[in-house]
file coords_27.txt (compact mmCIF, C-alpha atoms)
# COMPACT_ATOMS: atom_id res chain seq x y z
CA MET A 374 136.70 108.67 81.34
CA PHE A 375 138.58 106.77 84.00
CA TRP A 376 141.18 107.94 86.50
CA SER A 377 144.77 106.78 86.06
CA VAL A 378 147.12 105.98 88.91
CA LEU A 379 150.87 106.40 89.15
CA ILE A 380 152.32 103.67 91.34
CA LEU A 381 155.81 104.29 92.71
CA THR A 382 157.40 101.28 94.36
CA TYR A 383 160.69 101.26 96.24
CA TYR A 384 162.36 99.34 99.02
CA VAL A 385 163.48 100.80 102.35
CA GLU A 386 165.54 98.29 104.29
CA GLU A 387 163.25 95.24 104.30
CA HIS A 388 160.03 97.12 103.61
CA THR A 389 158.29 97.61 100.29
CA ILE A 390 156.74 101.06 99.90
CA HIS A 391 153.93 101.73 97.41
CA SER A 392 152.86 105.31 96.75
CA LYS A 393 149.80 105.99 94.63
CA ILE A 394 148.96 109.31 92.99
CA TYR A 395 145.80 109.67 90.88
CA PHE A 396 145.59 111.64 87.63
CA LYS A 397 142.80 112.59 85.24
CA ASP A 398 144.25 110.60 82.34
CA ILE A 399 147.06 108.24 81.37
CA ALA A 400 149.04 110.91 79.47
CA THR A 401 149.23 113.13 82.56
CA CYS A 402 150.25 110.13 84.61
CA HIS A 403 153.13 109.34 82.24
CA THR A 404 154.28 112.96 82.33
CA ALA A 405 154.30 112.90 86.14
CA SER A 406 156.19 109.61 86.15
CA ASP A 407 158.87 111.14 83.93
CA ILE A 408 159.25 113.94 86.50
CA TYR A 409 159.00 112.00 89.81
CA TYR A 410 160.69 108.71 89.04
CA PRO A 411 164.23 110.02 88.45
CA PHE A 412 164.23 111.39 92.02
CA ILE A 413 163.08 108.04 93.42
CA SER A 414 165.58 106.01 91.40
CA GLU A 415 168.47 108.24 92.56
CA GLN A 416 167.71 107.42 96.19
CA TYR A 417 166.53 103.83 95.90
CA GLU A 418 168.38 101.36 93.69
CA PHE A 419 165.48 98.89 93.56
CA SER A 420 162.51 100.96 92.50
CA MET A 421 159.93 101.18 89.75
CA SER A 422 157.20 103.41 88.41
CA ARG A 423 154.13 102.54 86.38
CA CYS A 424 150.88 104.09 85.27
CA ARG A 425 147.63 102.13 85.13
CA GLU A 426 144.08 102.98 84.27
CA THR A 427 141.66 102.38 87.12
CA ASP A 428 138.01 101.39 87.15
CA LEU A 429 137.16 104.68 88.90
CA ILE A 430 134.96 106.75 86.59
CA HIS A 431 135.30 110.54 86.51
CA SER A 432 132.30 112.02 88.21
CA ASP A 433 130.17 114.70 86.62
CA PHE A 434 129.98 116.18 90.09
CA LYS A 435 132.82 118.73 89.98
CA GLN A 436 132.46 120.28 93.43
CA ARG A 437 133.69 118.41 96.48
CA PRO A 438 130.99 117.54 99.01
CA LYS A 439 130.99 119.52 102.24
CA LEU A 440 131.55 117.80 105.56
CA ARG A 441 128.48 117.64 107.72
CA SER A 442 128.96 118.63 111.28
CA SER A 443 127.77 116.04 113.72
CA VAL A 444 125.10 117.04 116.19
CA SER A 445 125.44 115.50 119.61
CA ASP A 446 122.49 115.20 121.97

call {"tool": "encode", "arguments": {"input": "coords_27.txt", "output": "structure tokens"}}
result
Amino acid sequence: MFWSVLILTYYVEEHTIHSKIYFKDIATCHTASDIYYPFISEQYEFSMSRCRETDLIHSDFKQRPKLRSSVSD
């Protein structure tokens, strides 16, 4: 399985803003887009939302790795 990404794009003055949110599958991404995008489009006339599959494969490693504390000499 691959991760899917929701890309929200909107324009603030002369700047293009891209926000990316990752989801476990494309269906979840579309559901999130249906929820988030109406709020964005109300505030920003020139905006868009799209979901894309990525080339990032879901890992079998379910637990997040712990940070290692650095040892200074």

call {"tool": "closest_atom_pairs", "arguments": {"input": "coords_27.txt", "of": "region 410-434 of chain A", "to": "region 377-395 of chain A", "cutoff": "6 Å", "atoms": "only C-alpha atoms", "output": "CSV"}}
result
residue,atom,partner,partner_atom,distance
A:Phe419,CA,A:Tyr383,CA,6.0
A:Ser420,CA,A:Tyr383,CA,4.2
A:Met421,CA,A:Thr382,CA,5.3
A:Ser422,CA,A:Leu381,CA,4.6
A:Arg423,CA,A:Ile380,CA,5.4
A:Cys424,CA,A:Leu379,CA,4.5
A:Arg425,CA,A:Val378,CA,5.4
A:Glu426,CA,A:Ser377,CA,4.3
A:Thr427,CA,A:Ser377,CA,5.5

call {"tool": "residues_around", "arguments": {"input": "coords_27.txt", "residues": "Leu429 (chain A)", "least_positions_apart": "4", "cutoff": "10 Å", "atoms": "only C-alpha atoms", "output": "MDAnalysis selection string"}}
result
chainID A and resid 374:377

call {"tool": "atom_distance", "arguments": {"input": "coords_27.txt", "atom1": "CA of Phe396 (chain A)", "atom2": "CA of His431 (chain A)"}}
result
10.4 Å

call {"tool": "atom_distance", "arguments": {"input": "coords_27.txt", "atom1": "CA of Ser406 (chain A)", "atom2": "CA of Ser432 (chain A)"}}
result
24.1 Å

call {"tool": "atom_distance", "arguments": {"input": "coords_27.txt", "atom1": "CA of Tyr417 (chain A)", "atom2": "CA of Ile399 (chain A)"}}
result
24.7 Å

call {"tool": "axis_aligned_box", "arguments": {"input": "coords_27.txt", "around": "region 374-380 of chain A", "padding_each_side": "3 Å", "output": "JSON"}}
result
{"center_x": 144.5, "center_y": 106.2, "center_z": 86.3, "size_x": 21.6, "size_y": 11.0, "size_z": 16.0}
